[in-house]
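Chemist: My structure is stored as my_file25.txt, with compact mmCIF, C-alpha atoms.
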# COMPACT_ATOMS: atom_id res chain seq x y z
CA MET T 70 -180.06 371.81 -120.15
CA GLU T 71 -177.50 369.27 -118.94
CA LYS T 72 -175.01 372.06 -118.26
CA LYS T 73 -177.58 373.86 -116.12
CA ILE T 74 -178.20 370.72 -114.07
CA LEU T 75 -174.47 370.15 -113.66
CA THR T 76 -173.91 373.76 -112.64
CA ALA T 77 -176.75 373.50 -110.12
CA LEU T 78 -175.28 370.25 -108.76
CA THR T 79 -171.86 371.87 -108.43
CA VAL T 80 -173.33 374.82 -106.54
CA ILE T 81 -175.33 372.50 -104.28
CA PHE T 82 -172.25 370.38 -103.60
CA PHE T 83 -170.19 373.39 -102.57
CA LEU T 84 -173.00 374.77 -100.38
CA PHE T 85 -173.25 371.35 -98.75
CA MET T 86 -169.51 371.33 -98.08
CA ILE T 87 -169.60 374.87 -96.66
CA ALA T 88 -172.44 373.92 -94.32
CA PHE T 89 -170.75 370.77 -93.05
CA THR T 90 -167.44 372.59 -92.60
CA PHE T 91 -169.10 374.57 -89.83
CA ILE T 92 -171.39 371.81 -88.53
CA SER T 93 -168.54 369.32 -88.14
CA ARG T 94 -166.51 371.75 -86.06
CA VAL T 95 -169.35 371.92 -83.55
CA THR T 96 -170.32 368.25 -83.56
CA ALA T 97 -166.73 366.96 -83.40
CA VAL T 98 -166.03 368.98 -80.26
CA LYS T 99 -168.92 367.24 -78.50
CA LEU T 100 -167.14 363.90 -78.97
CA LEU T 101 -164.06 365.05 -77.10
CA PRO T 102 -163.54 363.95 -73.51
CA GLU T 103 -164.92 366.57 -71.17
CA VAL T 104 -162.69 367.75 -68.35
CA GLU T 105 -163.01 370.14 -65.46
CA CYS T 106 -159.94 372.28 -65.29
CA GLY T 107 -158.44 375.05 -63.20
CA TYR T 108 -155.23 376.43 -61.77
CA ALA T 109 -153.34 374.85 -58.90
CA GLY T 110 -153.92 376.44 -55.51
CA GLY T 111 -151.58 377.15 -52.62
CA VAL T 112 -148.84 379.76 -52.34
CA ASN T 113 -146.72 378.27 -55.12
CA GLY T 114 -149.33 376.33 -57.05
CA GLU T 115 -148.72 373.06 -55.28
CA VAL T 116 -152.27 372.18 -54.21
CA LEU T 117 -154.71 370.31 -56.41
CA PRO T 118 -157.91 368.39 -55.69
CA LYS T 119 -157.51 364.64 -55.15
CA THR T 120 -159.55 364.02 -58.29
CA ALA T 121 -156.75 365.54 -60.37
CA LEU T 122 -154.23 362.96 -59.20
CA CYS T 123 -153.77 359.86 -61.31
CA THR T 124 -151.69 356.77 -60.66
CA ASP T 125 -150.35 354.43 -63.33
CA GLU T 126 -149.94 350.66 -63.06
CA ARG T 127 -146.42 351.08 -61.63
CA GLY T 128 -147.73 353.26 -58.84
CA ASN T 129 -146.29 356.51 -60.23
CA ASN T 130 -148.38 359.61 -59.56
CA TYR T 131 -149.06 362.14 -62.26
CA VAL T 132 -151.44 364.92 -63.21
CA TYR T 133 -152.47 366.35 -66.56
CA PHE T 134 -152.18 369.98 -67.51
CA LEU T 135 -153.50 371.61 -70.65
CA ILE T 136 -151.49 373.10 -73.47
CA GLU T 137 -152.44 374.64 -76.78
CA GLU T 138 -151.06 372.79 -79.78
CA ASP T 139 -151.11 373.40 -83.53
CA SER T 140 -153.23 370.91 -85.40
CA ILE T 141 -155.06 370.49 -88.66
CA LEU T 142 -157.87 372.58 -87.11
CA GLY T 143 -155.60 375.35 -85.87
CA LYS T 144 -154.89 375.67 -82.12
CA VAL T 145 -156.40 372.89 -80.03
CA THR T 146 -156.25 372.05 -76.35
CA VAL T 147 -154.43 368.83 -75.51
CA THR T 148 -153.32 367.14 -72.33
CA LYS T 149 -149.76 366.82 -71.16
CA ARG T 150 -148.71 364.44 -68.44
CA LEU T 151 -146.70 365.76 -65.50
CA PRO T 152 -145.12 363.34 -62.99
CA VAL T 153 -145.64 364.51 -59.41
CA LYS T 154 -144.83 363.41 -55.88
CA VAL T 155 -147.47 363.53 -53.19
CA LEU T 156 -146.15 365.45 -50.19
CA SER T 157 -149.28 365.40 -48.06
CA GLU T 158 -153.03 365.06 -48.17
CA ARG T 159 -155.45 367.61 -46.70
CA GLY T 160 -159.07 366.48 -46.85
CA GLU T 161 -160.09 366.57 -50.51
CA GLU T 162 -156.81 368.16 -51.61
CA VAL T 163 -153.27 366.98 -52.11
CA VAL T 164 -150.03 368.92 -51.82
CA LEU T 165 -147.75 368.00 -54.70
CA GLU T 166 -144.14 368.42 -55.65
CA GLY T 167 -143.59 369.16 -59.32
CA THR T 168 -146.53 371.41 -60.13
CA ALA T 169 -145.12 374.75 -58.95
CA GLU T 170 -143.29 375.43 -62.23
CA TYR T 171 -146.56 374.96 -64.11
CA SER T 172 -148.73 377.24 -61.99
CA ASN T 173 -149.55 379.31 -65.10
CA PHE T 174 -151.10 376.29 -66.81
CA GLU T 175 -154.56 374.92 -66.26
CA PHE T 176 -154.66 371.44 -64.74
CA VAL T 177 -157.24 368.75 -65.37
CA LEU T 178 -159.07 368.73 -62.04
CA LYS T 179 -161.58 366.05 -62.93
CA ASN T 180 -162.07 363.86 -65.97
CA TYR T 181 -165.02 361.64 -66.83
CA GLU T 182 -163.21 359.39 -69.29
CA ASP T 183 -159.72 357.89 -69.26
CA LEU T 184 -157.19 360.30 -70.70
CA LYS T 185 -153.86 359.80 -72.38
CA GLU T 186 -151.12 362.27 -73.09
CA LYS T 187 -151.83 364.50 -76.12
CA ASP T 188 -155.56 363.74 -76.02
CA ARG T 189 -157.69 366.59 -77.31
CA VAL T 190 -160.16 367.61 -74.62
CA ARG T 191 -162.92 370.12 -74.13
CA ARG T 192 -163.31 372.14 -71.00
CA LYS T 193 -166.55 371.59 -69.14
CA THR T 194 -167.31 375.28 -69.35
CA ASP T 195 -167.15 374.96 -73.19
CA GLY T 196 -170.61 373.38 -73.01
CA MET V 82 -172.53 340.37 -134.82
CA LYS V 83 -169.23 342.20 -135.08
CA LYS V 84 -170.84 345.31 -133.63
CA LYS V 85 -172.22 343.32 -130.71
CA LEU V 86 -168.80 341.86 -130.01
CA ILE V 87 -167.19 345.29 -130.04
CA PHE V 88 -169.97 346.58 -127.79
CA ALA V 89 -169.45 343.70 -125.36
CA LEU V 90 -165.69 344.26 -125.33
CA LEU V 91 -166.13 347.98 -124.74
CA ALA V 92 -168.68 347.29 -121.99
CA VAL V 93 -166.19 345.00 -120.22
CA LEU V 94 -163.42 347.58 -120.59
CA SER V 95 -165.71 350.37 -119.35
CA PHE V 96 -166.66 348.28 -116.35
CA MET V 97 -162.98 347.70 -115.56
CA VAL V 98 -162.32 351.43 -115.76
CA CYS V 99 -165.34 352.30 -113.62
CA TYR V 100 -164.83 349.50 -111.10
CA PRO V 101 -162.53 351.41 -108.70
CA ALA V 102 -165.18 354.15 -108.37
CA LEU V 103 -167.91 351.53 -107.85
CA PHE V 104 -165.69 349.76 -105.31
CA ILE V 105 -165.35 353.00 -103.36
CA LEU V 106 -169.07 353.76 -103.58
CA VAL V 107 -170.09 350.29 -102.39
CA GLY V 108 -167.44 350.32 -99.66
CA SER V 109 -168.58 353.70 -98.39
CA PHE V 110 -172.06 352.29 -97.72
CA MET V 111 -170.85 349.21 -95.86
CA GLY V 112 -170.83 349.46 -92.08
CA GLU V 113 -167.51 349.52 -90.22
CA GLY V 114 -168.05 345.91 -89.13
CA GLU V 115 -168.67 344.60 -92.64
CA LEU V 116 -165.73 346.53 -94.04
CA ALA V 117 -163.39 345.29 -91.33
CA GLU V 118 -164.60 341.72 -91.89
CA ASN V 119 -164.09 342.00 -95.67
CA LEU V 120 -160.68 343.64 -95.60
CA MET V 121 -159.23 342.06 -92.48
CA GLY V 122 -156.97 339.88 -94.63
CA ILE V 123 -155.30 342.92 -96.17
CA LEU V 124 -155.10 345.33 -93.28
CA ASN V 125 -154.34 343.02 -90.41
CA VAL V 126 -151.01 341.38 -91.10
CA GLN V 127 -151.51 338.86 -88.33
CA SER V 128 -154.79 337.66 -89.76
CA GLU V 129 -154.65 334.63 -92.00
CA ALA V 130 -158.05 335.38 -93.52
CA TYR V 131 -158.41 336.25 -97.19
CA ALA V 132 -159.90 339.56 -98.28
CA GLU V 133 -163.48 339.26 -99.47
CA TRP V 134 -165.68 341.67 -101.33
CA SER V 135 -169.36 341.59 -102.15
CA PRO V 136 -170.72 343.56 -105.11
CA LEU V 137 -173.30 345.19 -102.85
CA PRO V 138 -173.27 345.86 -99.10
CA GLN V 139 -175.04 343.21 -96.99
CA LYS V 140 -176.62 346.08 -95.09
CA TRP V 141 -176.61 349.61 -96.54
CA SER V 142 -175.37 352.02 -93.91
CA PRO V 143 -174.71 355.78 -94.09
CA GLU V 144 -172.50 355.43 -90.98
CA SER V 145 -169.26 356.28 -92.81
CA TYR V 146 -170.71 359.48 -94.30
CA VAL V 147 -172.19 360.52 -90.96
CA ASN V 148 -168.86 359.94 -89.22
CA LEU V 149 -166.97 361.84 -91.91
CA LEU V 150 -169.32 364.77 -92.28
CA LEU V 151 -170.08 365.28 -88.61
CA TYR V 152 -167.00 364.16 -86.76
CA GLU V 153 -164.03 364.77 -89.05
CA PRO V 154 -163.58 368.54 -89.35
CA GLY V 155 -160.00 367.94 -90.51
CA PHE V 156 -161.39 366.55 -93.77
CA PHE V 157 -162.97 369.92 -94.55
CA THR V 158 -159.76 371.81 -93.79
CA LEU V 159 -158.00 369.66 -96.38
CA PHE V 160 -160.92 369.94 -98.82
CA TRP V 161 -160.75 373.74 -98.73
CA ASN V 162 -156.96 373.63 -99.02
CA SER V 163 -157.42 371.69 -102.26
CA ILE V 164 -159.96 374.22 -103.47
CA LYS V 165 -157.60 377.09 -102.65
CA ILE V 166 -154.74 375.39 -104.50
CA CYS V 167 -156.86 374.71 -107.59
CA ALA V 168 -158.37 378.21 -107.58
CA GLY V 169 -154.94 379.82 -107.19
CA VAL V 170 -153.35 377.75 -109.94
CA LEU V 171 -156.23 378.30 -112.37
CA ALA V 172 -156.31 382.04 -111.67
CA GLY V 173 -152.58 382.08 -112.38
CA HIS V 174 -153.16 380.34 -115.70
CA LEU V 175 -155.74 382.91 -116.68
CA LEU V 176 -153.47 385.79 -115.70
CA PHE V 177 -150.14 384.52 -117.03
CA ALA V 178 -150.55 381.50 -119.30
CA ALA V 179 -153.32 382.95 -121.48
CA PRO V 180 -151.47 386.20 -122.43
CA CYS V 181 -148.26 384.20 -122.87
CA ALA V 182 -149.92 381.69 -125.21
CA TYR V 183 -151.61 384.53 -127.12
CA GLY V 184 -148.25 386.27 -127.53
CA PHE V 185 -146.62 383.14 -128.87
CA ALA V 186 -149.50 382.50 -131.27
CA MET V 187 -150.01 386.03 -132.58
CA TYR V 188 -146.70 387.84 -132.64
CA ASP V 189 -143.44 387.23 -134.40
CA PHE V 190 -140.38 388.22 -132.45
CA ARG V 191 -136.73 387.25 -132.24
CA PHE V 192 -135.97 383.87 -130.65
CA LYS V 193 -139.66 383.00 -130.62
CA LYS V 194 -139.02 379.43 -131.75
CA LEU V 195 -136.18 378.99 -129.29
CA LEU V 196 -138.28 380.36 -126.45
CA PHE V 197 -141.21 378.15 -127.32
CA THR V 198 -138.90 375.14 -127.53
CA VAL V 199 -137.67 375.98 -124.03
CA TYR V 200 -141.32 376.05 -122.92
CA ILE V 201 -141.94 372.65 -124.45
CA ILE V 202 -138.84 371.25 -122.78
CA PHE V 203 -140.01 372.60 -119.42
CA MET V 204 -143.39 371.02 -120.03
CA MET V 205 -141.76 367.65 -120.55
CA LEU V 206 -139.59 367.75 -117.45
CA PRO V 207 -141.03 365.52 -114.75
CA PHE V 208 -141.51 366.88 -111.26
CA GLN V 209 -138.64 364.74 -109.97
CA VAL V 210 -136.22 366.83 -112.05
CA LEU V 211 -137.63 370.18 -110.93
CA MET V 212 -138.15 369.15 -107.33
CA LEU V 213 -134.78 370.21 -105.94
CA PRO V 214 -134.50 373.62 -107.65
CA GLU V 215 -138.12 374.35 -106.75
CA TYR V 216 -137.46 373.35 -103.16
CA ILE V 217 -134.44 375.65 -102.94
CA VAL V 218 -136.29 378.60 -104.48
CA LEU V 219 -139.31 378.09 -102.23
CA LYS V 220 -137.08 377.82 -99.17
CA LYS V 221 -135.28 381.06 -100.09
CA LEU V 222 -138.64 382.78 -100.51
CA SER V 223 -139.85 381.32 -97.17
CA LEU V 224 -142.81 379.76 -98.93
CA LEU V 225 -142.33 376.18 -97.75
CA ASN V 226 -145.27 374.95 -95.68
CA THR V 227 -147.62 377.46 -97.26
CA LEU V 228 -150.13 376.82 -100.03
CA TRP V 229 -148.11 379.20 -102.22
CA ALA V 230 -145.48 376.46 -102.48
CA ILE V 231 -147.94 374.53 -104.65
CA ILE V 232 -149.82 377.45 -106.21
CA LEU V 233 -146.92 379.50 -107.57
CA PRO V 234 -145.05 376.77 -109.48
CA GLY V 235 -148.43 375.57 -110.78
CA ALA V 236 -149.56 379.02 -111.87
CA PHE V 237 -146.46 379.41 -114.04
CA SER V 238 -146.52 375.91 -115.47
CA ALA V 239 -145.81 375.56 -119.19
CA PHE V 240 -148.48 373.00 -120.03
CA PRO V 241 -151.49 375.39 -120.20
CA VAL V 242 -149.46 377.70 -122.45
CA PHE V 243 -149.03 374.83 -124.89
CA ILE V 244 -152.76 373.94 -124.85
CA MET V 245 -153.93 377.54 -125.22
CA TYR V 246 -151.30 378.29 -127.87
CA ASN V 247 -152.90 375.77 -130.21
CA PHE V 248 -156.26 377.48 -129.84
CA PHE V 249 -154.99 381.02 -130.26
CA ARG V 250 -153.07 379.90 -133.36
CA GLY V 251 -156.43 379.01 -134.92
CA ILE V 252 -157.68 382.63 -134.81
CA PRO V 253 -157.53 383.97 -138.39
CA SER V 254 -155.07 386.83 -138.72
CA SER V 255 -157.68 388.73 -140.78
CA VAL V 256 -159.85 389.04 -137.66
CA ILE V 257 -156.95 390.54 -135.72
CA GLU V 258 -156.11 392.86 -138.63
CA ALA V 259 -159.73 394.01 -138.84
CA ALA V 260 -159.70 394.84 -135.12
CA ARG V 261 -156.45 396.78 -135.55
CA MET V 262 -157.89 398.73 -138.46
CA ASP V 263 -160.88 399.59 -136.28
CA GLY V 264 -158.45 401.20 -133.89
CA ALA V 265 -158.34 398.59 -131.15
CA GLY V 266 -155.14 398.43 -129.13
CA GLU V 267 -153.25 395.15 -128.66
CA PHE V 268 -154.57 394.59 -125.15
CA ALA V 269 -158.13 395.35 -126.27
CA ILE V 270 -157.75 392.85 -129.13
CA PHE V 271 -156.51 390.24 -126.68
CA LEU V 272 -159.43 390.87 -124.34
CA ASN V 273 -162.20 391.23 -126.90
CA VAL V 274 -161.07 388.96 -129.73
CA GLY V 275 -158.38 386.63 -128.43
CA LEU V 276 -159.96 385.52 -125.18
CA PRO V 277 -163.45 384.79 -126.59
CA ALA V 278 -161.96 382.98 -129.59
CA GLY V 279 -159.63 380.93 -127.38
CA ALA V 280 -162.21 380.33 -124.65
CA ALA V 281 -162.52 376.63 -125.47
CA GLY V 282 -158.74 376.22 -125.18
CA ILE V 283 -158.64 378.08 -121.90
CA ALA V 284 -161.50 375.96 -120.57
CA ALA V 285 -159.78 372.75 -121.74
CA SER V 286 -156.58 373.75 -120.01
CA MET V 287 -158.50 374.69 -116.86
CA VAL V 288 -160.26 371.32 -116.70
CA LEU V 289 -157.02 369.40 -117.21
CA GLN V 290 -155.15 371.46 -114.67
CA PHE V 291 -157.99 371.26 -112.16
CA LEU V 292 -157.85 367.46 -112.35
CA GLU V 293 -154.05 367.57 -112.09
CA TYR V 294 -154.00 369.82 -109.03
CA TRP V 295 -157.00 368.23 -107.36
CA ASN V 296 -155.04 364.99 -107.29
CA VAL V 297 -151.63 366.55 -106.67
CA ILE V 298 -149.66 364.40 -104.28
CA GLU V 299 -145.90 364.66 -104.83
CA GLN V 300 -145.51 368.42 -104.40
CA PRO V 301 -147.46 368.61 -101.11
CA MET V 302 -145.56 365.62 -99.74
CA ILE V 303 -142.29 367.44 -100.34
CA PHE V 304 -143.15 371.10 -99.81
CA LEU V 305 -145.78 370.87 -97.07
CA SER V 306 -144.89 369.21 -93.81
CA ARG V 307 -147.59 370.83 -91.67
CA GLU V 308 -150.80 368.84 -91.75
CA GLU V 309 -153.03 371.93 -91.77
CA THR V 310 -151.64 372.93 -95.17
CA TRP V 311 -152.15 369.53 -96.83
CA PRO V 312 -154.57 369.11 -99.72
CA LEU V 313 -157.29 366.48 -99.76
CA SER V 314 -155.11 364.05 -101.72
CA LEU V 315 -153.07 363.51 -98.54
CA TYR V 316 -156.08 362.88 -96.30
CA LEU V 317 -155.63 359.74 -94.21
CA PRO V 318 -152.08 358.85 -95.15
CA SER V 319 -152.45 355.64 -93.14
CA ILE V 320 -155.54 353.55 -93.69
CA ASN V 321 -156.24 351.02 -90.97
CA LEU V 322 -159.13 349.01 -89.62
CA ASP V 323 -160.26 351.93 -87.43
CA ASN V 324 -160.76 354.45 -90.24
CA LEU V 325 -161.78 352.22 -93.14
CA GLY V 326 -165.33 353.51 -93.55
CA ILE V 327 -164.23 357.13 -93.30
CA SER V 328 -161.53 356.62 -95.92
CA PHE V 329 -164.05 355.13 -98.37
CA ALA V 330 -166.51 357.98 -97.79
CA ALA V 331 -163.73 360.59 -98.06
CA ALA V 332 -162.49 359.03 -101.29
CA PHE V 333 -165.97 359.13 -102.79
CA ILE V 334 -166.66 362.72 -101.75
CA SER V 335 -163.29 363.87 -103.10
CA LEU V 336 -164.20 362.25 -106.41
CA ILE V 337 -167.33 364.41 -106.83
CA PRO V 338 -165.68 367.78 -107.72
CA SER V 339 -163.48 366.09 -110.32
CA LEU V 340 -166.51 364.41 -111.87
CA LEU V 341 -168.56 367.60 -111.93
CA ILE V 342 -165.78 369.77 -113.33
CA PHE V 343 -164.84 367.14 -115.90
CA ARG V 344 -168.44 366.79 -117.07
CA LEU V 345 -168.92 370.58 -117.18
CA GLY V 346 -165.79 371.06 -119.27
CA GLN V 347 -165.89 367.86 -121.29
CA ASP V 348 -166.80 369.54 -124.58
CA SER V 349 -163.99 372.07 -124.25
CA LEU V 350 -161.61 369.33 -123.22
CA GLU V 351 -162.40 367.25 -126.29
CA ALA V 352 -161.98 370.31 -128.50
CA GLY V 353 -158.69 371.04 -126.72
CA ILE V 354 -157.37 367.55 -127.32
CA ALA V 355 -158.42 367.77 -130.96
CA ALA V 356 -156.70 371.16 -131.35
CA THR V 357 -153.42 369.82 -130.00
CA THR V 358 -153.44 366.68 -132.13
CA VAL V 359 -154.95 367.70 -135.49
CA LYS V 360 -152.32 369.00 -137.88
CA ARG V 361 -153.44 372.26 -139.35
Please render this file's structure as structure tokens.

Modeler:
Amino acid sequence: MEKKILTALTVIFFLFMIAFTFISRVTAVKLLPEVECGYAGGVNGEVLPKTALCTDERGNNYVYFLIEEDSILGKVTVTKRLPVKVLSERGEEVVLEGTAEYSNFEFVLKNYEDLKEKDRVRRKTDG
Amino acid sequence: MKKKLIFALLAVLSFMVCYPALFILVGSFMGEGELAENLMGILNVQSEAYAEWSPLPQKWSPESYVNLLLYEPGFFTLFWNSIKICAGVLAGHLLFAAPCAYGFAMYDFRFKKLLFTVYIIFMMLPFQVLMLPEYIVLKKLSLLNTLWAIILPGAFSAFPVFIMYNFFRGIPSSVIEAARMDGAGEFAIFLNVGLPAGAAGIAASMVLQFLEYWNVIEQPMIFLSREETWPLSLYLPSINLDNLGISFAAAFISLIPSLLIFRLGQDSLEAGIAATTVKR
């Protein structure tokens, strides 16, 4: 009788772990900072919205772009900081020096929480 | 009176043995605030406060379990890695160690004693001695940073052969002879007579090796550098004030499979220990 109870408990435990393996993947993503992202505009990928531009305490300008990185959960999206120089401003957009080489990468166009380099983020379109 | 004294002594000793598990259980139900307050003296080097501990939480809180189960998917990756390692090693024992032990117990062949002595010597070698040759072999086979780096050396370990050997040795030769006379081949005898008769030994070895590989820590630290291949024993290598509750909850959850498997195989384990110690 005791063996049956123990076997049942073992099965329940493993079912519980299987269920939470999937649940946690969904719930943990919802905790990540949400960002709006997109590619840089302009002929050479030098134009970004003003909301993408960040300035640190020393007055240096930078933007974040997104890269895929290996992690414990497989490939995840993380931020990478890119120093830029503001060449000009056009309405709600800025023309930047330093982004052209990264025109194939998605940039963080707008973030709702403070970001740091290597932060895992979720794209707004991810829901 | 003497009995009562022995009982009291054993109760105290049992409590001391069980206390770490109780400590983890109680800690896992304390809130982050209470835990940080209690253990500040240990984990914050700048703090001059002493560590405190109450036998029960001031306020029971499932917060740590919620945080672990809902917001730490990495924990599950490591949990399943541990399961894969244990399953692989135990399957290896069934496939390789059981026939090997049966062969040693049932057949006489040249250099049998020498070979078995070599097995025993290998069993006694600590991991620190085998670490470098294993590392070189695994590197040559490009198995570093894969779960096979833990599974393969474990699957061919000598210890289960020794445990199972003692069980298979207990099978009366008349039973084997009778099977032979009935026309059974050697493999059929192994499958239909040897395995059922040595089942308790196999189960004992499985339980012991499950516990060993569930808690394996040295091999993964050396052979696995990528976090996604780590087993659960390496979860949260650094415990700090931010992840205290999660580490208590993770420790308690990782204790459950060991407890269940140990309890399920306890009878076989006791029989296995008896078989290896009682002189026939």

Chemist: I want to know what sits within 9 Å of range 195-210 of chain V, based on only C-alpha atoms, with residues of the same chain fewer than 6 positions away left out; could you give that as a PyMOL selection string?

Modeler: chain V and resi 185+238-240+242-243+299-300

Chemist: Take the selection from the previous step and output its residues with C-alpha atoms, as a short mmCIF file (atom, residue, chain, number, x, y, z; two decimals), keeping the file's coordinate frame.

Modeler:
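Okay, again_28.cif is ready:
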data_model
loop_
_atom_site.label_atom_id
_atom_site.label_comp_id
_atom_site.auth_asym_id
_atom_site.auth_seq_id
_atom_site.Cartn_x
_atom_site.Cartn_y
_atom_site.Cartn_z
CA PHE V 185 -146.62 383.14 -128.87
CA SER V 238 -146.52 375.91 -115.47
CA ALA V 239 -145.81 375.56 -119.19
CA PHE V 240 -148.48 373.00 -120.03
CA VAL V 242 -149.46 377.70 -122.45
CA PHE V 243 -149.03 374.83 -124.89
CA GLU V 299 -145.90 364.66 -104.83
CA GLN V 300 -145.51 368.42 -104.40
#

Chemist: Find the residues in chain V near chain T: any atom within 10 Å counts, using all atoms listed in the file. Write them as a ChimeraX atom specification.

Modeler: /V:147-161,307-311,334,337-338,340-342,344-346

Chemist: Just give me the gap between CA of Glu267 in chain V and CA of Ala178 in chain V in Å, one decimal is fine.

Modeler: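 Result for CA of Glu267 in chain V versus CA of Ala178 in chain V: 16.8 Å, one decimal.
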
Chemist: Calculate how many Å separate CA of Glu137 in chain T from CA of Leu184 in chain T, rounding to one decimal.

Modeler: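 A separation of 16.3 Å between them.
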
Chemist: Nearest residue to Glu162 in chain T out of T:Lys144, T:Leu178, T:Glu105, T:Asp188, using all atoms listed in the file?

Modeler: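 Smallest distance to Glu162 in chain T is found for T:Leu178.
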
Chemist: Mind checking which residues fall within 8 Å of range 169-177 of chain T, counting all atoms listed in the file, ignoring those fewer than 4 positions away in the same chain, and posting them as JSON, numbers by chain?

Modeler: {"T": [104, 105, 106, 107, 108, 109, 113, 114, 115, 121, 132, 133, 134, 135, 136]}

Chemist: Which value, in Å to one decimal, gives the distance between CA of Phe237 in chain V and CA of Met287 in chain V?

Modeler: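 So the answer is 13.2 Å.
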
Chemist: For Pro152 in chain T, list every protein, DNA or RNA residue within 8 Å, evaluated using only C-alpha atoms, and leave out those in the same chain fewer than 3 positions away; present the list as an NGL selection string.

Modeler: :T and (129-132 or 167)

Chemist: Using all atoms listed in the file, find the one residue out of T:Val116, T:Val164, T:Val153, T:Leu101 that sits nearest to Arg191 in chain T.

Modeler: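 Looking only at the distances to Arg191 in chain T, the closest residue turns out to be T:Leu101.
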
Chemist: Return the single residue from V:Met262, V:Val107, V:Ile244, V:Ala230 that is closest to Ala280 in chain V, with distances computed using all atoms listed in the file.

Modeler: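 The closest residue to Ala280 in chain V is V:Ile244.
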
Chemist: Which is closer to Leu165 in chain T than all the others in T:Met70, T:Glu138, T:Gly110, T:Pro102, using only C-alpha atoms?

Modeler: T:Gly110

Chemist: Write out as a PyMOL selection string the residues lying within 7 Å of range 246-256 of chain V, counting all atoms listed in the file and excluding same-chain residues fewer than 3 positions away.

Modeler: chain V and resi 182-183+185-187+242-243+259-260+275+278-279+282+356-357

Chemist: Excluding range 132-140 of chain V and any residue of its chain fewer than 3 positions from it, enumerate the residues within 6 Å of it, using only C-alpha atoms, and give them as a PyMOL selection string.

Modeler: chain V and resi 111+119-120+122

Chemist: Which one is closest to Leu176 in chain V: V:Leu116, V:Leu276, V:Ala89, V:Met302? Count all atoms listed in the file.

Modeler: V:Leu276
